[in-house]
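> Following this line is input30.pdb, made up of PDB, C-alpha atoms and all ligand atoms:
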```
ATOM      1  CA  MET M   1      20.462  -5.852  12.860  1.00  0.00           C
ATOM      2  CA  THR M   2      19.001  -9.330  13.028  1.00  0.00           C
ATOM      3  CA  ASP M   3      20.083 -12.735  11.767  1.00  0.00           C
ATOM      4  CA  GLN M   4      16.536 -14.092  11.590  1.00  0.00           C
ATOM      5  CA  LYS M   5      16.147 -17.019   9.189  1.00  0.00           C
ATOM      6  CA  PHE M   6      13.047 -17.365   7.040  1.00  0.00           C
ATOM      7  CA  VAL M   7      11.510 -20.524   5.553  1.00  0.00           C
ATOM      8  CA  ASN M   8      12.811 -19.295   2.206  1.00  0.00           C
ATOM      9  CA  ASN M   9      16.102 -17.410   2.504  1.00  0.00           C
ATOM     10  CA  ASP M  10      16.812 -17.430  -1.246  1.00  0.00           C
ATOM     11  CA  PHE M  11      16.498 -13.727  -2.136  1.00  0.00           C
ATOM     12  CA  SER M  12      16.424 -14.291  -5.896  1.00  0.00           C
ATOM     13  CA  ASP M  13      13.649 -16.884  -5.515  1.00  0.00           C
ATOM     14  CA  VAL M  14      11.660 -14.612  -3.182  1.00  0.00           C
ATOM     15  CA  VAL M  15      11.883 -11.614  -5.509  1.00  0.00           C
ATOM     16  CA  LEU M  16      12.245 -12.935  -9.045  1.00  0.00           C
ATOM     17  CA  ASN M  17       9.953 -15.966  -8.798  1.00  0.00           C
ATOM     18  CA  ARG M  18       7.132 -13.955  -7.203  1.00  0.00           C
ATOM     19  CA  HIS M  19       4.004 -14.127  -9.346  1.00  0.00           C
ATOM     20  CA  SER M  20       0.437 -13.211  -8.463  1.00  0.00           C
ATOM     21  CA  VAL M  21      -1.421 -16.275  -7.183  1.00  0.00           C
ATOM     22  CA  ARG M  22      -5.211 -16.002  -7.125  1.00  0.00           C
ATOM     23  CA  GLU M  23      -6.242 -19.566  -6.187  1.00  0.00           C
ATOM     24  CA  PHE M  24      -5.085 -20.930  -2.854  1.00  0.00           C
ATOM     25  CA  GLU M  25      -5.432 -24.240  -0.987  1.00  0.00           C
ATOM     26  CA  PRO M  26      -8.674 -23.371   0.853  1.00  0.00           C
ATOM     27  CA  ASN M  27      -7.986 -25.557   3.898  1.00  0.00           C
ATOM     28  CA  VAL M  28      -4.578 -24.094   4.776  1.00  0.00           C
ATOM     29  CA  LYS M  29      -4.742 -21.989   7.964  1.00  0.00           C
ATOM     30  CA  ILE M  30      -2.011 -19.508   8.817  1.00  0.00           C
ATOM     31  CA  SER M  31      -1.929 -18.835  12.555  1.00  0.00           C
ATOM     32  CA  ARG M  32      -2.608 -15.330  13.815  1.00  0.00           C
ATOM     33  CA  ASP M  33       0.827 -15.433  15.491  1.00  0.00           C
ATOM     34  CA  GLU M  34       2.475 -15.983  12.119  1.00  0.00           C
ATOM     35  CA  LEU M  35       0.321 -13.302  10.450  1.00  0.00           C
ATOM     36  CA  GLN M  36       1.271 -10.870  13.207  1.00  0.00           C
ATOM     37  CA  GLN M  37       4.933 -11.841  12.785  1.00  0.00           C
ATOM     38  CA  MET M  38       4.685 -11.146   9.037  1.00  0.00           C
ATOM     39  CA  ILE M  39       3.303  -7.694   9.787  1.00  0.00           C
ATOM     40  CA  ALA M  40       6.118  -7.070  12.293  1.00  0.00           C
ATOM     41  CA  GLU M  41       8.623  -7.909   9.517  1.00  0.00           C
ATOM     42  CA  THR M  42       6.685  -5.800   7.024  1.00  0.00           C
ATOM     43  CA  ILE M  43       6.845  -2.654   9.137  1.00  0.00           C
ATOM     44  CA  GLN M  44      10.625  -2.702   8.983  1.00  0.00           C
ATOM     45  CA  ALA M  45       9.962  -1.013   5.623  1.00  0.00           C
ATOM     46  CA  PRO M  46      11.071   2.616   5.368  1.00  0.00           C
ATOM     47  CA  SER M  47       8.534   5.454   5.523  1.00  0.00           C
ATOM     48  CA  ALA M  48       8.675   9.209   5.013  1.00  0.00           C
ATOM     49  CA  CYS M  49      10.205  10.816   8.142  1.00  0.00           C
ATOM     50  CA  ASN M  50       9.637   7.407   9.805  1.00  0.00           C
ATOM     51  CA  LEU M  51       6.000   8.416  10.122  1.00  0.00           C
ATOM     52  CA  GLN M  52       4.826   4.825   9.497  1.00  0.00           C
ATOM     53  CA  SER M  53       1.487   5.944   8.082  1.00  0.00           C
ATOM     54  CA  TRP M  54       0.167   2.412   7.626  1.00  0.00           C
ATOM     55  CA  HIS M  55      -2.632   0.377   9.156  1.00  0.00           C
ATOM     56  CA  PHE M  56      -3.377  -3.331   8.633  1.00  0.00           C
ATOM     57  CA  VAL M  57      -6.714  -5.127   8.852  1.00  0.00           C
ATOM     58  CA  VAL M  58      -6.317  -8.919   8.831  1.00  0.00           C
ATOM     59  CA  VAL M  59      -9.315 -10.847   7.526  1.00  0.00           C
ATOM     60  CA  ASP M  60      -9.165 -14.600   8.250  1.00  0.00           C
ATOM     61  CA  THR M  61     -12.766 -15.538   9.084  1.00  0.00           C
ATOM     62  CA  PRO M  62     -15.768 -16.317   6.841  1.00  0.00           C
ATOM     63  CA  GLU M  63     -17.564 -13.287   8.370  1.00  0.00           C
ATOM     64  CA  GLY M  64     -14.638 -10.993   7.542  1.00  0.00           C
ATOM     65  CA  LYS M  65     -14.427 -12.380   4.007  1.00  0.00           C
ATOM     66  CA  ALA M  66     -18.149 -11.720   3.511  1.00  0.00           C
ATOM     67  CA  LYS M  67     -17.543  -8.077   4.488  1.00  0.00           C
ATOM     68  CA  LEU M  68     -14.648  -7.784   2.027  1.00  0.00           C
ATOM     69  CA  LYS M  69     -16.871  -9.144  -0.736  1.00  0.00           C
ATOM     70  CA  GLU M  70     -19.370  -6.311  -0.156  1.00  0.00           C
ATOM     71  CA  ALA M  71     -16.733  -4.016  -1.671  1.00  0.00           C
ATOM     72  CA  ALA M  72     -14.668  -6.319  -3.917  1.00  0.00           C
ATOM     73  CA  MET M  73     -15.216  -6.571  -7.658  1.00  0.00           C
ATOM     74  CA  LYS M  74     -16.474 -10.033  -8.632  1.00  0.00           C
ATOM     75  CA  PHE M  75     -13.295 -11.011 -10.462  1.00  0.00           C
ATOM     76  CA  ASN M  76     -11.497 -10.816  -7.124  1.00  0.00           C
ATOM     77  CA  TYR M  77     -13.803 -13.246  -5.319  1.00  0.00           C
ATOM     78  CA  PRO M  78     -11.571 -16.343  -5.855  1.00  0.00           C
ATOM     79  CA  GLN M  79      -8.647 -14.757  -4.007  1.00  0.00           C
ATOM     80  CA  VAL M  80     -11.005 -13.803  -1.174  1.00  0.00           C
ATOM     81  CA  ASP M  81     -12.752 -17.186  -0.973  1.00  0.00           C
ATOM     82  CA  THR M  82      -9.657 -19.403  -1.120  1.00  0.00           C
ATOM     83  CA  ALA M  83      -7.005 -17.290   0.692  1.00  0.00           C
ATOM     84  CA  SER M  84      -5.846 -18.268   4.175  1.00  0.00           C
ATOM     85  CA  ALA M  85      -6.066 -14.564   4.975  1.00  0.00           C
ATOM     86  CA  ILE M  86      -6.400 -11.177   3.353  1.00  0.00           C
ATOM     87  CA  ILE M  87      -4.391  -8.301   4.780  1.00  0.00           C
ATOM     88  CA  TYR M  88      -5.892  -4.921   3.931  1.00  0.00           C
ATOM     89  CA  LEU M  89      -3.505  -1.957   3.958  1.00  0.00           C
ATOM     90  CA  ALA M  90      -4.903   1.503   4.646  1.00  0.00           C
ATOM     91  CA  GLY M  91      -2.914   4.720   4.907  1.00  0.00           C
ATOM     92  CA  ASP M  92      -3.207   6.580   8.205  1.00  0.00           C
ATOM     93  CA  THR M  93      -3.380  10.371   7.751  1.00  0.00           C
ATOM     94  CA  GLU M  94      -3.149  10.876  11.523  1.00  0.00           C
ATOM     95  CA  SER M  95       0.189   9.138  12.087  1.00  0.00           C
ATOM     96  CA  HIS M  96       1.864  12.476  12.861  1.00  0.00           C
ATOM     97  CA  LEU M  97      -0.306  12.758  15.987  1.00  0.00           C
ATOM     98  CA  VAL M  98       1.708   9.954  17.636  1.00  0.00           C
ATOM     99  CA  TYR M  99       5.014  10.855  15.963  1.00  0.00           C
ATOM    100  CA  ARG M 100       6.541  12.173  19.205  1.00  0.00           C
ATOM    101  CA  ASP M 101       6.222   8.738  20.852  1.00  0.00           C
ATOM    102  CA  VAL M 102       8.594   6.996  18.450  1.00  0.00           C
ATOM    103  CA  TRP M 103      11.393   9.530  19.011  1.00  0.00           C
ATOM    104  CA  ASN M 104      10.784   9.846  22.764  1.00  0.00           C
ATOM    105  CA  GLN M 105      11.290   6.081  22.918  1.00  0.00           C
ATOM    106  CA  ALA M 106      14.558   6.401  20.962  1.00  0.00           C
ATOM    107  CA  VAL M 107      15.738   8.970  23.533  1.00  0.00           C
ATOM    108  CA  ALA M 108      14.622   6.749  26.448  1.00  0.00           C
ATOM    109  CA  GLU M 109      16.610   3.849  24.948  1.00  0.00           C
ATOM    110  CA  GLY M 110      19.668   6.064  24.492  1.00  0.00           C
ATOM    111  CA  ARG M 111      19.713   5.751  20.688  1.00  0.00           C
ATOM    112  CA  ILE M 112      19.501   9.508  20.069  1.00  0.00           C
ATOM    113  CA  THR M 113      20.077  12.595  22.199  1.00  0.00           C
ATOM    114  CA  PRO M 114      17.170  14.835  23.302  1.00  0.00           C
ATOM    115  CA  GLU M 115      18.729  17.601  21.154  1.00  0.00           C
ATOM    116  CA  LYS M 116      18.622  15.375  18.039  1.00  0.00           C
ATOM    117  CA  ARG M 117      14.986  14.485  18.825  1.00  0.00           C
ATOM    118  CA  ASP M 118      14.029  18.148  19.137  1.00  0.00           C
ATOM    119  CA  GLU M 119      15.774  18.895  15.830  1.00  0.00           C
ATOM    120  CA  ILE M 120      13.710  16.129  14.164  1.00  0.00           C
ATOM    121  CA  PHE M 121      10.496  17.475  15.722  1.00  0.00           C
ATOM    122  CA  SER M 122      11.141  21.022  14.550  1.00  0.00           C
ATOM    123  CA  SER M 123      12.143  19.950  11.006  1.00  0.00           C
ATOM    124  CA  PHE M 124       9.421  17.411  10.304  1.00  0.00           C
ATOM    125  CA  LEU M 125       6.390  17.988  12.522  1.00  0.00           C
ATOM    126  CA  PRO M 126       5.414  21.383  11.017  1.00  0.00           C
ATOM    127  CA  LEU M 127       5.406  19.745   7.569  1.00  0.00           C
ATOM    128  CA  TYR M 128       2.648  17.421   8.738  1.00  0.00           C
ATOM    129  CA  GLU M 129       0.828  19.607  11.246  1.00  0.00           C
ATOM    130  CA  ASN M 130       0.340  22.286   8.565  1.00  0.00           C
ATOM    131  CA  ALA M 131      -0.182  19.901   5.648  1.00  0.00           C
ATOM    132  CA  THR M 132      -3.224  19.781   3.390  1.00  0.00           C
ATOM    133  CA  PRO M 133      -5.419  16.648   3.499  1.00  0.00           C
ATOM    134  CA  GLU M 134      -4.179  15.839  -0.050  1.00  0.00           C
ATOM    135  CA  PHE M 135      -0.552  15.863   1.105  1.00  0.00           C
ATOM    136  CA  LEU M 136      -1.330  13.626   4.093  1.00  0.00           C
ATOM    137  CA  GLN M 137      -3.265  11.220   1.865  1.00  0.00           C
ATOM    138  CA  MET M 138      -0.456  11.055  -0.696  1.00  0.00           C
ATOM    139  CA  ASP M 139       2.189  10.539   1.967  1.00  0.00           C
ATOM    140  CA  ALA M 140       0.173   7.777   3.641  1.00  0.00           C
ATOM    141  CA  THR M 141      -0.431   6.092   0.278  1.00  0.00           C
ATOM    142  CA  ILE M 142       3.301   6.056  -0.482  1.00  0.00           C
ATOM    143  CA  ASP M 143       4.216   4.678   2.970  1.00  0.00           C
ATOM    144  CA  CYS M 144       1.574   1.977   2.600  1.00  0.00           C
ATOM    145  CA  SER M 145       2.803   1.037  -0.854  1.00  0.00           C
ATOM    146  CA  MET M 146       6.321   0.571   0.537  1.00  0.00           C
ATOM    147  CA  ALA M 147       4.853  -1.719   3.203  1.00  0.00           C
ATOM    148  CA  ALA M 148       2.750  -3.592   0.637  1.00  0.00           C
ATOM    149  CA  MET M 149       5.794  -4.523  -1.451  1.00  0.00           C
ATOM    150  CA  GLN M 150       7.689  -5.576   1.659  1.00  0.00           C
ATOM    151  CA  LEU M 151       4.700  -7.686   2.734  1.00  0.00           C
ATOM    152  CA  LEU M 152       4.599  -9.438  -0.666  1.00  0.00           C
ATOM    153  CA  GLN M 153       8.240 -10.439  -0.173  1.00  0.00           C
ATOM    154  CA  VAL M 154       7.815 -11.395   3.486  1.00  0.00           C
ATOM    155  CA  ILE M 155       4.935 -13.683   2.443  1.00  0.00           C
ATOM    156  CA  ARG M 156       7.234 -15.427  -0.074  1.00  0.00           C
ATOM    157  CA  ALA M 157       9.968 -15.695   2.561  1.00  0.00           C
ATOM    158  CA  HIS M 158       7.441 -17.476   4.814  1.00  0.00           C
ATOM    159  CA  GLY M 159       6.817 -20.007   2.018  1.00  0.00           C
ATOM    160  CA  TYR M 160       3.444 -18.667   0.860  1.00  0.00           C
ATOM    161  CA  ASP M 161       2.213 -16.809  -2.212  1.00  0.00           C
ATOM    162  CA  ALA M 162       0.035 -13.745  -2.658  1.00  0.00           C
ATOM    163  CA  ASN M 163      -2.011 -11.460  -4.859  1.00  0.00           C
ATOM    164  CA  ALA M 164      -2.170  -7.717  -4.337  1.00  0.00           C
ATOM    165  CA  TRP M 165      -5.546  -6.368  -5.399  1.00  0.00           C
ATOM    166  CA  ALA M 166      -7.233  -2.997  -5.574  1.00  0.00           C
ATOM    167  CA  GLY M 167     -10.256  -3.923  -7.693  1.00  0.00           C
ATOM    168  CA  TYR M 168     -12.922  -2.814  -5.208  1.00  0.00           C
ATOM    169  CA  ASP M 169     -15.051   0.196  -4.325  1.00  0.00           C
ATOM    170  CA  PRO M 170     -12.613   2.168  -2.108  1.00  0.00           C
ATOM    171  CA  GLN M 171     -15.141   3.939   0.130  1.00  0.00           C
ATOM    172  CA  LYS M 172     -17.282   0.799   0.491  1.00  0.00           C
ATOM    173  CA  MET M 173     -14.122  -1.067   1.498  1.00  0.00           C
ATOM    174  CA  LEU M 174     -13.325   1.349   4.323  1.00  0.00           C
ATOM    175  CA  THR M 175     -16.910   1.114   5.571  1.00  0.00           C
ATOM    176  CA  ALA M 176     -16.966  -2.690   5.318  1.00  0.00           C
ATOM    177  CA  LEU M 177     -13.768  -2.882   7.385  1.00  0.00           C
ATOM    178  CA  GLY M 178     -15.002  -0.358   9.951  1.00  0.00           C
ATOM    179  CA  LEU M 179     -12.299   2.213   9.098  1.00  0.00           C
ATOM    180  CA  ASP M 180     -12.955   5.943   9.551  1.00  0.00           C
ATOM    181  CA  GLN M 181     -13.177   7.459   6.033  1.00  0.00           C
ATOM    182  CA  LYS M 182     -11.835  10.817   7.233  1.00  0.00           C
ATOM    183  CA  ARG M 183      -8.711   9.279   8.721  1.00  0.00           C
ATOM    184  CA  PHE M 184      -7.820   6.287   6.515  1.00  0.00           C
ATOM    185  CA  VAL M 185      -6.895   6.118   2.818  1.00  0.00           C
ATOM    186  CA  PRO M 186      -7.738   2.936   0.895  1.00  0.00           C
ATOM    187  CA  VAL M 187      -4.526   1.452  -0.593  1.00  0.00           C
ATOM    188  CA  MET M 188      -4.738  -2.279  -1.404  1.00  0.00           C
ATOM    189  CA  ALA M 189      -5.637  -5.767  -0.245  1.00  0.00           C
ATOM    190  CA  ILE M 190      -3.170  -8.665  -0.219  1.00  0.00           C
ATOM    191  CA  SER M 191      -4.528 -12.230  -0.316  1.00  0.00           C
ATOM    192  CA  LEU M 192      -2.128 -14.924   0.847  1.00  0.00           C
ATOM    193  CA  GLY M 193      -1.930 -18.653   1.283  1.00  0.00           C
ATOM    194  CA  LYS M 194      -0.526 -21.849  -0.237  1.00  0.00           C
ATOM    195  CA  SER M 195      -0.733 -21.713  -4.006  1.00  0.00           C
ATOM    196  CA  ALA M 196      -3.204 -24.033  -5.729  1.00  0.00           C
ATOM    197  CA  GLU M 197      -2.342 -22.938  -9.259  1.00  0.00           C
ATOM    198  CA  VAL M 198       0.550 -22.554 -11.663  1.00  0.00           C
ATOM    199  CA  PRO M 199       0.634 -18.769 -11.884  1.00  0.00           C
ATOM    200  CA  LEU M 200       0.966 -16.823 -15.097  1.00  0.00           C
ATOM    201  CA  VAL M 201       4.460 -15.448 -15.653  1.00  0.00           C
ATOM    202  CA  SER M 202       3.627 -11.883 -16.661  1.00  0.00           C
ATOM    203  CA  THR M 203       5.584  -9.869 -19.216  1.00  0.00           C
ATOM    204  CA  ARG M 204       7.482  -6.649 -18.497  1.00  0.00           C
ATOM    205  CA  TYR M 205       8.462  -3.840 -20.874  1.00  0.00           C
ATOM    206  CA  PRO M 206      12.224  -3.793 -21.424  1.00  0.00           C
ATOM    207  CA  ALA M 207      13.928  -1.896 -18.574  1.00  0.00           C
ATOM    208  CA  SER M 208      15.658   0.327 -21.125  1.00  0.00           C
ATOM    209  CA  ASP M 209      12.215   1.514 -22.395  1.00  0.00           C
ATOM    210  CA  VAL M 210      11.243   2.820 -18.984  1.00  0.00           C
ATOM    211  CA  THR M 211      14.623   4.223 -17.925  1.00  0.00           C
ATOM    212  CA  GLU M 212      16.359   7.529 -18.517  1.00  0.00           C
ATOM    213  CA  PHE M 213      19.867   8.426 -17.419  1.00  0.00           C
ATOM    214  CA  LEU M 214      20.601  12.079 -16.797  1.00  0.00           C
TER     215      LEU M 214
HETATM  216  C1  LIG O   1      -1.955  -1.837  -6.824  1.00  0.00           C
HETATM  217  C2  LIG O   1      -2.268  -3.161  -7.462  1.00  0.00           C
HETATM  218  C3  LIG O   1      -3.572  -3.511  -7.733  1.00  0.00           C
HETATM  219  C4  LIG O   1      -3.900  -4.734  -8.273  1.00  0.00           C
HETATM  220  N1  LIG O   1      -5.218  -5.097  -8.416  1.00  0.00           N
HETATM  221  C5  LIG O   1      -5.518  -6.359  -8.812  1.00  0.00           C
HETATM  222  C6  LIG O   1      -6.873  -6.805  -8.817  1.00  0.00           C
HETATM  223  O1  LIG O   1      -7.812  -6.080  -8.509  1.00  0.00           O
HETATM  224  N2  LIG O   1      -7.107  -8.093  -9.181  1.00  0.00           N
HETATM  225  C7  LIG O   1      -6.101  -8.952  -9.529  1.00  0.00           C
HETATM  226  O2  LIG O   1      -6.396 -10.102  -9.839  1.00  0.00           O
HETATM  227  N3  LIG O   1      -4.809  -8.556  -9.538  1.00  0.00           N
HETATM  228  C8  LIG O   1      -4.491  -7.290  -9.172  1.00  0.00           C
HETATM  229  N4  LIG O   1      -3.182  -6.886  -9.119  1.00  0.00           N
HETATM  230  C9  LIG O   1      -2.114  -7.817  -9.528  1.00  0.00           C
HETATM  231  C10 LIG O   1      -1.538  -7.416 -10.895  1.00  0.00           C
HETATM  232  O3  LIG O   1      -2.467  -7.753 -11.907  1.00  0.00           O
HETATM  233  C11 LIG O   1      -0.201  -8.143 -11.104  1.00  0.00           C
HETATM  234  O4  LIG O   1       0.707  -7.756 -10.086  1.00  0.00           O
HETATM  235  C12 LIG O   1       0.411  -7.811 -12.470  1.00  0.00           C
HETATM  236  O5  LIG O   1      -0.407  -8.306 -13.503  1.00  0.00           O
HETATM  237  C13 LIG O   1       1.811  -8.405 -12.622  1.00  0.00           C
HETATM  238  O6  LIG O   1       1.782  -9.805 -12.414  1.00  0.00           O
HETATM  239  P1  LIG O   1       2.649 -10.484 -11.276  1.00  0.00           P
HETATM  240  O7  LIG O   1       2.178  -9.987  -9.938  1.00  0.00           O
HETATM  241  O8  LIG O   1       2.403 -11.966 -11.424  1.00  0.00           O
HETATM  242  O9  LIG O   1       4.089 -10.136 -11.499  1.00  0.00           O
HETATM  243  C14 LIG O   1      -2.843  -5.650  -8.605  1.00  0.00           C
HETATM  244  C15 LIG O   1      -1.519  -5.296  -8.335  1.00  0.00           C
HETATM  245  C16 LIG O   1      -1.235  -4.087  -7.766  1.00  0.00           C
HETATM  246  C17 LIG O   1       0.211  -3.739  -7.455  1.00  0.00           C
END
```
Kindly present the structure from the file in structure tokens form.

Amino acid sequence: MTDQKFVNNDFSDVVLNRHSVREFEPNVKISRDELQQMIAETIQAPSACNLQSWHFVVVDTPEGKAKLKEAAMKFNYPQVDTASAIIYLAGDTESHLVYRDVWNQAVAEGRITPEKRDEIFSSFLPLYENATPEFLQMDATIDCSMAAMQLLQVIRAHGYDANAWAGYDPQKMLTALGLDQKRFVPVMAISLGKSAEVPLVSTRYPASDVTEFL
């Protein structure tokens, strides 16, 4: 529980007035402390078995942006060139290797009993230790997508705007960012900064068209 206040605490504005922004004020810097704080808020997102299979690469230098552009499709260059930062989200298929730490800490802090921890280990760890690479990649992609949506909202709550983008060569992207291709799954990039455009308000299919009640 926290009573932290954001720059924008209006939930309906954060969620319902979010639109992809692809042109940012190029001279606006967001401090690394604030970017790190945004990631700390982002990783309050839920994840399967609390595995937290996400990894963030923050790009906020011209050299880093040049690397991103080695993999990005050309139509995504404006949101690389003008963004204050780009946060790349990759899924981590090895998150189960450190899974014990998170629950050992919960025991050390008296939040769960050692018996409860051992029950969690015996229920969940075999699922991951015996999993296929495809399962681990899917699980990491889902966790990362949960984090990506939370990050988009955290960015709005900090008073900035963003564009999620996946128009890039996925393997080139991992290489450009120095991420091990065997371990990490490419998920998406999120450009953020102060908006320099009036964004398009995109259309949605009616909710009733994409909903079934059973
Ligand atoms: C996984 C994903 C990939 C996307 N890739 C791109 C992209 O490569 N380039 C881009 O300009 N926008 C990209 N977008 C943004 C979508 O085009 C945008 O979210 C959609 O058109 C709805 O508009 P809105 O964000 O303004 O509501 C992507 C969004 C998501 C969630």
> Taking the file as I've supplied it (selection: the PyMOL selection byres (((not hetatm)) within 8 of (chain O and resi 1))), which residues are included? Please answer as JSON, numbers by chain.
{"M": [18, 19, 20, 21, 22, 73, 75, 76, 79, 163, 164, 165, 166, 167, 168, 187, 188, 199, 200, 201, 202, 203]}
> Save out the residues we just selected, C-alpha atoms, as a PDB file, keeping the file's coordinate frame.

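Saved as result_22.pdb:
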```pdb
ATOM      1  CA  ARG M  18       7.132 -13.955  -7.203  1.00  0.00           C
ATOM      2  CA  HIS M  19       4.004 -14.127  -9.346  1.00  0.00           C
ATOM      3  CA  SER M  20       0.437 -13.211  -8.463  1.00  0.00           C
ATOM      4  CA  VAL M  21      -1.421 -16.275  -7.183  1.00  0.00           C
ATOM      5  CA  ARG M  22      -5.211 -16.002  -7.125  1.00  0.00           C
ATOM      6  CA  MET M  73     -15.216  -6.571  -7.658  1.00  0.00           C
ATOM      7  CA  PHE M  75     -13.295 -11.011 -10.462  1.00  0.00           C
ATOM      8  CA  ASN M  76     -11.497 -10.816  -7.124  1.00  0.00           C
ATOM      9  CA  GLN M  79      -8.647 -14.757  -4.007  1.00  0.00           C
ATOM     10  CA  ASN M 163      -2.011 -11.460  -4.859  1.00  0.00           C
ATOM     11  CA  ALA M 164      -2.170  -7.717  -4.337  1.00  0.00           C
ATOM     12  CA  TRP M 165      -5.546  -6.368  -5.399  1.00  0.00           C
ATOM     13  CA  ALA M 166      -7.233  -2.997  -5.574  1.00  0.00           C
ATOM     14  CA  GLY M 167     -10.256  -3.923  -7.693  1.00  0.00           C
ATOM     15  CA  TYR M 168     -12.922  -2.814  -5.208  1.00  0.00           C
ATOM     16  CA  VAL M 187      -4.526   1.452  -0.593  1.00  0.00           C
ATOM     17  CA  MET M 188      -4.738  -2.279  -1.404  1.00  0.00           C
ATOM     18  CA  PRO M 199       0.634 -18.769 -11.884  1.00  0.00           C
ATOM     19  CA  LEU M 200       0.966 -16.823 -15.097  1.00  0.00           C
ATOM     20  CA  VAL M 201       4.460 -15.448 -15.653  1.00  0.00           C
ATOM     21  CA  SER M 202       3.627 -11.883 -16.661  1.00  0.00           C
ATOM     22  CA  THR M 203       5.584  -9.869 -19.216  1.00  0.00           C
TER      23      THR M 203
END
```
> Of the candidates M:Leu125, M:Val28, M:Val15, M:Leu179, which one gets nearest to Gly91 in chain M if we count only C-alpha atoms?
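For Gly91 in chain M, the nearest of the given residues is M:Leu179.
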> Convert the output of the PyMOL selection byres (((chain M and resi 46-50) around 9) and not hetatm) on the shown file into explicit residues, formatted as number ranges by chain.
M: 43-45, 51-53, 99, 102, 120, 124, 139-140, 142-144, 146-147
> With distances taken over only C-alpha atoms, which residue among M:Asp101, M:Asp33, M:Phe121, M:Asp92 lies nearest Met138 in chain M?
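Answer, going by the shortest atom-to-atom distance: M:Asp92.
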> Between CA of Asp161 in chain M and CA of Ala148 in chain M, what is the spacing in Å?
13.5 Å
> Between M:Gln171, M:Ser31, M:Ser95, M:Ser208, which has the minimum distance to Ala71 in chain M (counting only C-alpha atoms)?
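Of M:Gln171, M:Ser31, M:Ser95, M:Ser208, the one nearest Ala71 in chain M, counting only C-alpha atoms, is M:Gln171.
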> Of the residues M:Arg32, M:His158, M:Gln4, M:Leu177, which is the one nearest to Ala66 in chain M, using all atoms listed in the file?
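When distances to Ala66 in chain M are compared using all atoms listed in the file, the smallest one comes from M:Leu177.
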> Measure the distance from CA of Tyr88 in chain M to CA of Leu152 in chain M in Å and round it to one decimal.
12.3 Å
> CA of Val14 in chain M and CA of Lys69 in chain M are how many Å apart?
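These atoms are spaced 29.2 Å apart.
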